[in-house]
$ cat model_1.cif   # mmCIF, N, CA and C atoms and all ligand atoms; chains and numbers go by the auth columns
data_entry
loop_
_atom_site.group_PDB
_atom_site.id
_atom_site.type_symbol
_atom_site.label_atom_id
_atom_site.label_comp_id
_atom_site.label_asym_id
_atom_site.label_seq_id
_atom_site.Cartn_x
_atom_site.Cartn_y
_atom_site.Cartn_z
_atom_site.B_iso_or_equiv
_atom_site.auth_seq_id
_atom_site.auth_asym_id
ATOM 1 N N MET A 1 0.848 -1.196 0.000 0.00 1 J
ATOM 2 C CA MET A 1 0.000 0.000 0.000 0.00 1 J
ATOM 3 C C MET A 1 0.882 1.243 0.000 0.00 1 J
ATOM 4 N N GLY A 2 1.216 1.730 -1.161 0.00 2 J
ATOM 5 C CA GLY A 2 2.076 2.899 -1.221 0.00 2 J
ATOM 6 C C GLY A 2 1.316 4.206 -1.279 0.00 2 J
ATOM 7 N N ASN A 3 0.092 4.141 -1.788 0.00 3 J
ATOM 8 C CA ASN A 3 -0.624 5.378 -2.070 0.00 3 J
ATOM 9 C C ASN A 3 -1.517 5.787 -0.909 0.00 3 J
ATOM 10 N N VAL A 4 -0.898 6.198 0.169 0.00 4 J
ATOM 11 C CA VAL A 4 -1.675 6.575 1.340 0.00 4 J
ATOM 12 C C VAL A 4 -1.218 7.938 1.833 0.00 4 J
ATOM 13 N N ILE A 5 -2.103 8.573 2.539 0.00 5 J
ATOM 14 C CA ILE A 5 -1.829 9.884 3.118 0.00 5 J
ATOM 15 C C ILE A 5 -1.883 9.724 4.628 0.00 5 J
ATOM 16 N N HIS A 6 -0.910 10.226 5.326 0.00 6 J
ATOM 17 C CA HIS A 6 -0.938 10.156 6.780 0.00 6 J
ATOM 18 C C HIS A 6 -1.739 11.339 7.298 0.00 6 J
ATOM 19 N N ALA A 7 -3.033 11.127 7.495 0.00 7 J
ATOM 20 C CA ALA A 7 -3.923 12.204 7.909 0.00 7 J
ATOM 21 C C ALA A 7 -3.802 12.453 9.403 0.00 7 J
ATOM 22 N N GLN A 8 -3.756 11.385 10.143 0.00 8 J
ATOM 23 C CA GLN A 8 -3.623 11.485 11.590 0.00 8 J
ATOM 24 C C GLN A 8 -2.668 10.392 12.003 0.00 8 J
ATOM 25 N N PRO A 9 -2.030 10.540 13.149 0.00 9 J
ATOM 26 C CA PRO A 9 -1.199 9.435 13.615 0.00 9 J
ATOM 27 C C PRO A 9 -2.025 8.155 13.689 0.00 9 J
ATOM 28 N N ALA A 10 -1.484 7.069 13.218 0.00 10 J
ATOM 29 C CA ALA A 10 -2.134 5.758 13.286 0.00 10 J
ATOM 30 C C ALA A 10 -3.372 5.657 12.415 0.00 10 J
ATOM 31 N N GLU A 11 -3.572 6.640 11.542 0.00 11 J
ATOM 32 C CA GLU A 11 -4.679 6.481 10.600 0.00 11 J
ATOM 33 C C GLU A 11 -4.172 6.684 9.182 0.00 11 J
ATOM 34 N N LEU A 12 -4.487 5.719 8.328 0.00 12 J
ATOM 35 C CA LEU A 12 -4.143 5.819 6.927 0.00 12 J
ATOM 36 C C LEU A 12 -5.403 6.131 6.147 0.00 12 J
ATOM 37 N N VAL A 13 -5.286 7.061 5.225 0.00 13 J
ATOM 38 C CA VAL A 13 -6.436 7.407 4.398 0.00 13 J
ATOM 39 C C VAL A 13 -6.032 7.219 2.949 0.00 13 J
ATOM 40 N N ALA A 14 -6.713 6.332 2.271 0.00 14 J
ATOM 41 C CA ALA A 14 -6.451 6.102 0.856 0.00 14 J
ATOM 42 C C ALA A 14 -7.430 6.931 0.028 0.00 14 J
ATOM 43 N N VAL A 15 -6.996 7.282 -1.166 0.00 15 J
ATOM 44 C CA VAL A 15 -7.884 7.956 -2.112 0.00 15 J
ATOM 45 C C VAL A 15 -8.356 6.900 -3.102 0.00 15 J
ATOM 46 N N ILE A 16 -9.636 6.654 -3.112 0.00 16 J
ATOM 47 C CA ILE A 16 -10.187 5.529 -3.862 0.00 16 J
ATOM 48 C C ILE A 16 -11.316 6.007 -4.760 0.00 16 J
ATOM 49 N N ARG A 17 -11.315 5.482 -5.976 0.00 17 J
ATOM 50 C CA ARG A 17 -12.365 5.828 -6.936 0.00 17 J
ATOM 51 C C ARG A 17 -12.929 4.538 -7.505 0.00 17 J
ATOM 52 N N LEU A 18 -14.228 4.498 -7.680 0.00 18 J
ATOM 53 C CA LEU A 18 -14.842 3.321 -8.288 0.00 18 J
ATOM 54 C C LEU A 18 -14.357 3.176 -9.724 0.00 18 J
ATOM 55 N N ARG A 19 -14.184 1.941 -10.131 0.00 19 J
ATOM 56 C CA ARG A 19 -13.671 1.673 -11.466 0.00 19 J
ATOM 57 C C ARG A 19 -14.679 2.091 -12.536 0.00 19 J
ATOM 58 N N ARG A 20 -14.128 2.351 -13.712 0.00 20 J
ATOM 59 C CA ARG A 20 -14.952 2.660 -14.871 0.00 20 J
ATOM 60 C C ARG A 20 -15.922 1.506 -15.124 0.00 20 J
ATOM 61 N N GLY A 21 -17.175 1.788 -15.329 0.00 21 J
ATOM 62 C CA GLY A 21 -18.150 0.740 -15.613 0.00 21 J
ATOM 63 C C GLY A 21 -18.914 0.277 -14.387 0.00 21 J
ATOM 64 N N VAL A 22 -18.342 0.485 -13.196 0.00 22 J
ATOM 65 C CA VAL A 22 -19.041 0.095 -11.963 0.00 22 J
ATOM 66 C C VAL A 22 -20.194 1.065 -11.708 0.00 22 J
ATOM 67 N N VAL A 23 -19.912 2.337 -11.904 0.00 23 J
ATOM 68 C CA VAL A 23 -20.935 3.376 -11.758 0.00 23 J
ATOM 69 C C VAL A 23 -20.790 4.331 -12.934 0.00 23 J
ATOM 70 N N GLY A 24 -21.758 5.195 -13.095 0.00 24 J
ATOM 71 C CA GLY A 24 -21.689 6.201 -14.147 0.00 24 J
ATOM 72 C C GLY A 24 -20.540 7.166 -13.901 0.00 24 J
ATOM 73 N N GLU A 25 -20.058 7.789 -14.969 0.00 25 J
ATOM 74 C CA GLU A 25 -18.907 8.694 -14.852 0.00 25 J
ATOM 75 C C GLU A 25 -19.148 9.804 -13.837 0.00 25 J
ATOM 76 N N ARG A 26 -20.384 10.250 -13.710 0.00 26 J
ATOM 77 C CA ARG A 26 -20.654 11.369 -12.805 0.00 26 J
ATOM 78 C C ARG A 26 -20.478 10.953 -11.357 0.00 26 J
ATOM 79 N N ARG A 27 -20.558 9.657 -11.077 0.00 27 J
ATOM 80 C CA ARG A 27 -20.378 9.203 -9.685 0.00 27 J
ATOM 81 C C ARG A 27 -18.953 8.744 -9.426 0.00 27 J
ATOM 82 N N ARG A 28 -18.082 8.829 -10.412 0.00 28 J
ATOM 83 C CA ARG A 28 -16.708 8.361 -10.219 0.00 28 J
ATOM 84 C C ARG A 28 -15.874 9.479 -9.613 0.00 28 J
ATOM 85 N N VAL A 29 -16.190 9.814 -8.378 0.00 29 J
ATOM 86 C CA VAL A 29 -15.428 10.837 -7.678 0.00 29 J
ATOM 87 C C VAL A 29 -14.397 10.146 -6.790 0.00 29 J
ATOM 88 N N SER A 30 -13.387 10.897 -6.389 0.00 30 J
ATOM 89 C CA SER A 30 -12.320 10.351 -5.548 0.00 30 J
ATOM 90 C C SER A 30 -12.732 10.466 -4.087 0.00 30 J
ATOM 91 N N HIS A 31 -12.974 9.332 -3.467 0.00 31 J
ATOM 92 C CA HIS A 31 -13.360 9.312 -2.053 0.00 31 J
ATOM 93 C C HIS A 31 -12.121 9.152 -1.182 0.00 31 J
ATOM 94 N N LEU A 32 -12.196 9.703 0.007 0.00 32 J
ATOM 95 C CA LEU A 32 -11.168 9.476 1.022 0.00 32 J
ATOM 96 C C LEU A 32 -11.641 8.344 1.902 0.00 32 J
ATOM 97 N N VAL A 33 -10.823 7.299 2.010 0.00 33 J
ATOM 98 C CA VAL A 33 -11.246 6.100 2.731 0.00 33 J
ATOM 99 C C VAL A 33 -10.230 5.770 3.816 0.00 33 J
ATOM 100 N N PRO A 34 -10.637 5.881 5.083 0.00 34 J
ATOM 101 C CA PRO A 34 -9.725 5.475 6.162 0.00 34 J
ATOM 102 C C PRO A 34 -9.491 3.974 6.106 0.00 34 J
ATOM 103 N N LEU A 35 -8.247 3.572 6.265 0.00 35 J
ATOM 104 C CA LEU A 35 -7.888 2.157 6.269 0.00 35 J
ATOM 105 C C LEU A 35 -7.392 1.780 7.653 0.00 35 J
ATOM 106 N N PRO A 36 -7.616 0.529 8.039 0.00 36 J
ATOM 107 C CA PRO A 36 -7.048 0.081 9.320 0.00 36 J
ATOM 108 C C PRO A 36 -5.523 0.116 9.250 0.00 36 J
ATOM 109 N N ALA A 37 -4.902 0.535 10.328 0.00 37 J
ATOM 110 C CA ALA A 37 -3.445 0.639 10.353 0.00 37 J
ATOM 111 C C ALA A 37 -2.796 -0.734 10.266 0.00 37 J
ATOM 112 N N GLU A 38 -3.495 -1.738 10.721 0.00 38 J
ATOM 113 C CA GLU A 38 -2.965 -3.097 10.692 0.00 38 J
ATOM 114 C C GLU A 38 -4.027 -4.041 10.182 0.00 38 J
ATOM 115 N N GLY A 39 -3.609 -5.200 9.784 0.00 39 J
ATOM 116 C CA GLY A 39 -4.550 -6.236 9.391 0.00 39 J
ATOM 117 C C GLY A 39 -4.942 -6.123 7.931 0.00 39 J
ATOM 118 N N PRO A 40 -5.767 -7.053 7.490 0.00 40 J
ATOM 119 C CA PRO A 40 -6.146 -7.087 6.082 0.00 40 J
ATOM 120 C C PRO A 40 -7.118 -5.965 5.729 0.00 40 J
ATOM 121 N N ILE A 41 -7.203 -5.673 4.447 0.00 41 J
ATOM 122 C CA ILE A 41 -8.192 -4.709 3.968 0.00 41 J
ATOM 123 C C ILE A 41 -9.579 -5.343 4.137 0.00 41 J
ATOM 124 N N PRO A 42 -10.500 -4.654 4.775 0.00 42 J
ATOM 125 C CA PRO A 42 -11.843 -5.235 4.957 0.00 42 J
ATOM 126 C C PRO A 42 -12.555 -5.429 3.620 0.00 42 J
ATOM 127 N N SER A 43 -13.575 -6.297 3.631 0.00 43 J
ATOM 128 C CA SER A 43 -14.281 -6.598 2.381 0.00 43 J
ATOM 129 C C SER A 43 -15.142 -5.430 1.933 0.00 43 J
ATOM 130 N N GLU A 44 -15.460 -4.558 2.857 0.00 44 J
ATOM 131 C CA GLU A 44 -16.163 -3.333 2.499 0.00 44 J
ATOM 132 C C GLU A 44 -15.458 -2.165 3.150 0.00 44 J
ATOM 133 N N LEU A 45 -15.224 -1.128 2.366 0.00 45 J
ATOM 134 C CA LEU A 45 -14.587 0.073 2.895 0.00 45 J
ATOM 135 C C LEU A 45 -15.646 1.161 2.989 0.00 45 J
ATOM 136 N N THR A 46 -15.581 1.960 4.038 0.00 46 J
ATOM 137 C CA THR A 46 -16.512 3.070 4.181 0.00 46 J
ATOM 138 C C THR A 46 -15.741 4.372 4.041 0.00 46 J
ATOM 139 N N ALA A 47 -16.114 5.145 3.049 0.00 47 J
ATOM 140 C CA ALA A 47 -15.461 6.428 2.824 0.00 47 J
ATOM 141 C C ALA A 47 -15.835 7.407 3.920 0.00 47 J
ATOM 142 N N VAL A 48 -15.058 8.483 4.010 0.00 48 J
ATOM 143 C CA VAL A 48 -15.321 9.504 5.026 0.00 48 J
ATOM 144 C C VAL A 48 -16.741 10.052 4.876 0.00 48 J
ATOM 145 N N CYS A 49 -17.260 10.105 3.670 0.00 49 J
ATOM 146 C CA CYS A 49 -18.606 10.645 3.432 0.00 49 J
ATOM 147 C C CYS A 49 -19.692 9.636 3.721 0.00 49 J
ATOM 148 N N GLY A 50 -19.321 8.375 3.983 0.00 50 J
ATOM 149 C CA GLY A 50 -20.324 7.369 4.293 0.00 50 J
ATOM 150 C C GLY A 50 -20.585 6.398 3.163 0.00 50 J
ATOM 151 N N GLU A 51 -20.039 6.675 1.995 0.00 51 J
ATOM 152 C CA GLU A 51 -20.221 5.768 0.863 0.00 51 J
ATOM 153 C C GLU A 51 -19.511 4.441 1.150 0.00 51 J
ATOM 154 N N VAL A 52 -20.205 3.327 0.922 0.00 52 J
ATOM 155 C CA VAL A 52 -19.606 2.013 1.126 0.00 52 J
ATOM 156 C C VAL A 52 -19.063 1.519 -0.201 0.00 52 J
ATOM 157 N N ILE A 53 -17.790 1.124 -0.197 0.00 53 J
ATOM 158 C CA ILE A 53 -17.086 0.769 -1.425 0.00 53 J
ATOM 159 C C ILE A 53 -16.492 -0.623 -1.276 0.00 53 J
ATOM 160 N N ALA A 54 -16.753 -1.480 -2.241 0.00 54 J
ATOM 161 C CA ALA A 54 -16.104 -2.792 -2.271 0.00 54 J
ATOM 162 C C ALA A 54 -14.737 -2.618 -2.926 0.00 54 J
ATOM 163 N N PRO A 55 -13.660 -3.047 -2.257 0.00 55 J
ATOM 164 C CA PRO A 55 -12.320 -2.843 -2.827 0.00 55 J
ATOM 165 C C PRO A 55 -12.173 -3.396 -4.241 0.00 55 J
ATOM 166 N N ALA A 56 -12.870 -4.499 -4.541 0.00 56 J
ATOM 167 C CA ALA A 56 -12.744 -5.098 -5.862 0.00 56 J
ATOM 168 C C ALA A 56 -13.297 -4.186 -6.960 0.00 56 J
ATOM 169 N N GLN A 57 -14.164 -3.276 -6.572 0.00 57 J
ATOM 170 C CA GLN A 57 -14.783 -2.391 -7.561 0.00 57 J
ATOM 171 C C GLN A 57 -14.082 -1.041 -7.625 0.00 57 J
ATOM 172 N N ALA A 58 -12.986 -0.907 -6.923 0.00 58 J
ATOM 173 C CA ALA A 58 -12.386 0.411 -6.797 0.00 58 J
ATOM 174 C C ALA A 58 -10.913 0.378 -7.169 0.00 58 J
ATOM 175 N N GLU A 59 -10.367 1.553 -7.459 0.00 59 J
ATOM 176 C CA GLU A 59 -8.941 1.681 -7.727 0.00 59 J
ATOM 177 C C GLU A 59 -8.373 2.704 -6.753 0.00 59 J
ATOM 178 N N VAL A 60 -7.130 2.467 -6.347 0.00 60 J
ATOM 179 C CA VAL A 60 -6.456 3.394 -5.446 0.00 60 J
ATOM 180 C C VAL A 60 -5.704 4.408 -6.297 0.00 60 J
ATOM 181 N N LEU A 61 -5.850 5.664 -5.974 0.00 61 J
ATOM 182 C CA LEU A 61 -5.252 6.733 -6.771 0.00 61 J
ATOM 183 C C LEU A 61 -4.022 7.301 -6.082 0.00 61 J
ATOM 184 N N ASN A 62 -3.180 7.937 -6.869 0.00 62 J
ATOM 185 C CA ASN A 62 -2.022 8.649 -6.331 0.00 62 J
ATOM 186 C C ASN A 62 -2.455 10.038 -5.891 0.00 62 J
ATOM 187 N N GLY A 63 -3.076 10.103 -4.732 0.00 63 J
ATOM 188 C CA GLY A 63 -3.547 11.388 -4.247 0.00 63 J
ATOM 189 C C GLY A 63 -4.871 11.739 -4.897 0.00 63 J
ATOM 190 N N VAL A 64 -5.430 12.846 -4.466 0.00 64 J
ATOM 191 C CA VAL A 64 -6.737 13.254 -4.974 0.00 64 J
ATOM 192 C C VAL A 64 -6.555 13.780 -6.393 0.00 64 J
ATOM 193 N N CYS A 65 -7.194 13.112 -7.333 0.00 65 J
ATOM 194 C CA CYS A 65 -7.154 13.595 -8.703 0.00 65 J
ATOM 195 C C CYS A 65 -8.514 13.357 -9.329 0.00 65 J
ATOM 196 N N GLY A 66 -8.689 13.834 -10.528 0.00 66 J
ATOM 197 C CA GLY A 66 -10.006 13.761 -11.121 0.00 66 J
ATOM 198 C C GLY A 66 -10.954 14.648 -10.326 0.00 66 J
ATOM 199 N N MET A 67 -12.141 14.150 -10.099 0.00 67 J
ATOM 200 C CA MET A 67 -13.143 14.922 -9.395 0.00 67 J
ATOM 201 C C MET A 67 -13.214 14.437 -7.960 0.00 67 J
ATOM 202 N N PRO A 68 -12.779 15.248 -6.993 0.00 68 J
ATOM 203 C CA PRO A 68 -12.841 14.803 -5.598 0.00 68 J
ATOM 204 C C PRO A 68 -14.271 14.768 -5.093 0.00 68 J
ATOM 205 N N CYS A 69 -14.513 13.904 -4.131 0.00 69 J
ATOM 206 C CA CYS A 69 -15.811 13.863 -3.462 0.00 69 J
ATOM 207 C C CYS A 69 -15.852 15.033 -2.481 0.00 69 J
ATOM 208 N N GLU A 70 -16.744 15.970 -2.735 0.00 70 J
ATOM 209 C CA GLU A 70 -16.772 17.170 -1.897 0.00 70 J
ATOM 210 C C GLU A 70 -17.174 16.842 -0.470 0.00 70 J
ATOM 211 N N ALA A 71 -18.059 15.872 -0.299 0.00 71 J
ATOM 212 C CA ALA A 71 -18.479 15.490 1.052 0.00 71 J
ATOM 213 C C ALA A 71 -17.309 14.915 1.835 0.00 71 J
ATOM 214 N N CYS A 72 -16.487 14.096 1.162 0.00 72 J
ATOM 215 C CA CYS A 72 -15.299 13.542 1.817 0.00 72 J
ATOM 216 C C CYS A 72 -14.329 14.651 2.220 0.00 72 J
ATOM 217 N N LEU A 73 -14.073 15.571 1.315 0.00 73 J
ATOM 218 C CA LEU A 73 -13.102 16.631 1.613 0.00 73 J
ATOM 219 C C LEU A 73 -13.577 17.482 2.782 0.00 73 J
ATOM 220 N N ALA A 74 -14.854 17.824 2.776 0.00 74 J
ATOM 221 C CA ALA A 74 -15.396 18.675 3.843 0.00 74 J
ATOM 222 C C ALA A 74 -15.318 17.959 5.181 0.00 74 J
ATOM 223 N N ARG A 75 -15.712 16.696 5.184 0.00 75 J
ATOM 224 C CA ARG A 75 -15.714 15.968 6.454 0.00 75 J
ATOM 225 C C ARG A 75 -14.305 15.691 6.943 0.00 75 J
ATOM 226 N N GLN A 76 -13.394 15.400 6.011 0.00 76 J
ATOM 227 C CA GLN A 76 -12.026 15.121 6.420 0.00 76 J
ATOM 228 C C GLN A 76 -11.394 16.373 7.028 0.00 76 J
ATOM 229 N N ALA A 77 -11.671 17.526 6.446 0.00 77 J
ATOM 230 C CA ALA A 77 -11.135 18.777 6.986 0.00 77 J
ATOM 231 C C ALA A 77 -11.648 18.982 8.404 0.00 77 J
ATOM 232 N N ARG A 78 -12.927 18.676 8.608 0.00 78 J
ATOM 233 C CA ARG A 78 -13.509 18.841 9.935 0.00 78 J
ATOM 234 C C ARG A 78 -12.893 17.850 10.923 0.00 78 J
ATOM 235 N N ARG A 79 -12.656 16.606 10.444 0.00 79 J
ATOM 236 C CA ARG A 79 -12.057 15.598 11.330 0.00 79 J
ATOM 237 C C ARG A 79 -10.660 16.036 11.754 0.00 79 J
ATOM 238 N N GLN A 80 -9.886 16.563 10.811 0.00 80 J
ATOM 239 C CA GLN A 80 -8.527 16.965 11.144 0.00 80 J
ATOM 240 C C GLN A 80 -8.535 18.159 12.084 0.00 80 J
ATOM 241 N N TYR A 81 -9.472 19.076 11.857 0.00 81 J
ATOM 242 C CA TYR A 81 -9.579 20.229 12.743 0.00 81 J
ATOM 243 C C TYR A 81 -9.930 19.755 14.144 0.00 81 J
ATOM 244 N N GLY A 82 -10.867 18.803 14.216 0.00 82 J
ATOM 245 C CA GLY A 82 -11.253 18.260 15.516 0.00 82 J
ATOM 246 C C GLY A 82 -10.092 17.607 16.222 0.00 82 J
ATOM 247 N N ALA A 83 -9.253 16.909 15.451 0.00 83 J
ATOM 248 C CA ALA A 83 -8.103 16.219 16.046 0.00 83 J
ATOM 249 C C ALA A 83 -7.114 17.233 16.618 0.00 83 J
ATOM 250 N N LEU A 84 -6.990 18.383 15.951 0.00 84 J
ATOM 251 C CA LEU A 84 -6.036 19.393 16.409 0.00 84 J
ATOM 252 C C LEU A 84 -6.523 20.094 17.668 0.00 84 J
ATOM 253 N N THR A 85 -7.827 20.227 17.806 0.00 85 J
ATOM 254 C CA THR A 85 -8.348 21.009 18.916 0.00 85 J
ATOM 255 C C THR A 85 -8.831 20.134 20.070 0.00 85 J
ATOM 256 N N ALA A 86 -8.895 18.831 19.856 0.00 86 J
ATOM 257 C CA ALA A 86 -9.419 17.941 20.906 0.00 86 J
ATOM 258 C C ALA A 86 -8.474 17.932 22.103 0.00 86 J
HETATM 259 ZN ZN ZN B . -16.887 10.565 -0.570 0.00 101 K
#
$ encode --input "model_1.cif" --output "structure tokens"
Amino acid sequence: MGNVIHAQPAELVAVIRLRRGVVGERRRVSHLVPLPAEGPIPSELTAVCGEVIAPAQAEVLNGVCGMPCEACLARQARRQYGALTA
């Protein structure tokens, strides 16, 4: 797993987009998906925005590219702000 962002200590966040053909192009946005720091990748991943993604239907991106999921970006910013002020 090389394509990860260290958002918080002990939390890995991957940028994941559903593969072409799985959903329509308009829904192929780049979601931010927290990954467990240890252990196998779960059979279902839940993006920061709440979207449930099957890893087999998704591709991992090199950072946020294409069309980012605005809900993911907004929530992730809030999570990081919360972590700084908690
Ligand atoms: Zn999202």
$ residues_near_ligand --input "model_1.cif" --ligand "ligand ZN 101 (chain K)" --cutoff "8 Å" --atoms "only C-alpha atoms and all ligand atoms" --output "PyMOL selection string"
chain J and resi 29-33+47-51+68-73
$ atom_distance --input "model_1.cif" --atom1 "CA of Val22 (chain J)" --atom2 "CA of Ala77 (chain J)"
27.8 Å
$ atom_distance --input "model_1.cif" --atom1 "CA of Ala14 (chain J)" --atom2 "atom N of Glu59 (chain J)"
10.3 Å
$ atom_distance --input "model_1.cif" --atom1 "atom N of Thr46 (chain J)" --atom2 "atom N of Gly21 (chain J)"
19.4 Å
$ select_by_dssp --input "model_1.cif" --residues "chain J" --states "helix (DSSP H, G or I)" --output "JSON, numbers by chain"
{"J": [25, 26, 27, 55, 56, 57, 70, 71, 72, 73, 74, 75, 76, 77, 78, 79, 80, 81, 82, 83, 84, 85]}
$ select_by_dssp --input "model_1.cif" --residues "chain J" --states "strand (DSSP E or B)" --output "list in words"
Val4, Ile5, His6, Ala7, Gln8, Glu11, Leu12, Val13, Ala14, Val15, Ile16, Arg17, Leu18, Arg20, Val23, Ser30, His31, Leu32, Val33, Pro34, Leu35, Leu45, Thr46, Val52, Ile53, Ala58, Glu59, Val60 and Pro68 of chain J
$ residues_around --input "model_1.cif" --residues "Ile41 (chain J)" --least-positions-apart "2" --cutoff "12 Å" --atoms "only C-alpha atoms" --output "number ranges by chain"
J: 1, 12, 14, 33-39, 43-46, 53-56
$ resolve_selection --input "model_1.cif" --expression "the PyMOL selection byres (((chain J and resi 28 and name CA) around 8) and not hetatm and name CA)" --output "list in words"
Arg17, Leu18, Arg19, Arg20, Val23, Gly24, Glu25, Arg26, Arg27, Val29, Ser30 and Met67 of chain J
$ axis_aligned_box --input "model_1.cif" --around "region 23-35 of chain J" --padding-each-side "5 Å" --output "JSON"
{"center_x": -14.6, "center_y": 6.6, "center_z": -3.7, "size_x": 24.4, "size_y": 19.6, "size_z": 32.6}
$ resolve_selection --input "model_1.cif" --expression "the PyMOL selection byres (((chain J and resi 63) around 6) and not hetatm)" --output "number ranges by chain"
J: 3, 15, 61-62, 64-65
$ write_last_selection --input "model_1.cif" --atoms "N, CA and C atoms" --output "compact mmCIF listing (two decimals), in the coordinates of the input"
# COMPACT_ATOMS: atom_id res chain seq x y z
N ASN J 3 0.09 4.14 -1.79
CA ASN J 3 -0.62 5.38 -2.07
C ASN J 3 -1.52 5.79 -0.91
N VAL J 15 -7.00 7.28 -1.17
CA VAL J 15 -7.88 7.96 -2.11
C VAL J 15 -8.36 6.90 -3.10
N LEU J 61 -5.85 5.66 -5.97
CA LEU J 61 -5.25 6.73 -6.77
C LEU J 61 -4.02 7.30 -6.08
N ASN J 62 -3.18 7.94 -6.87
CA ASN J 62 -2.02 8.65 -6.33
C ASN J 62 -2.46 10.04 -5.89
N VAL J 64 -5.43 12.85 -4.47
CA VAL J 64 -6.74 13.25 -4.97
C VAL J 64 -6.56 13.78 -6.39
N CYS J 65 -7.19 13.11 -7.33
CA CYS J 65 -7.15 13.60 -8.70
C CYS J 65 -8.51 13.36 -9.33
$ closest_residue --input "model_1.cif" --among "J:Ala58, J:Pro40, J:Arg75, J:Val52" --to "Ile16 (chain J)" --atoms "all atoms listed in the file"
J:Ala58
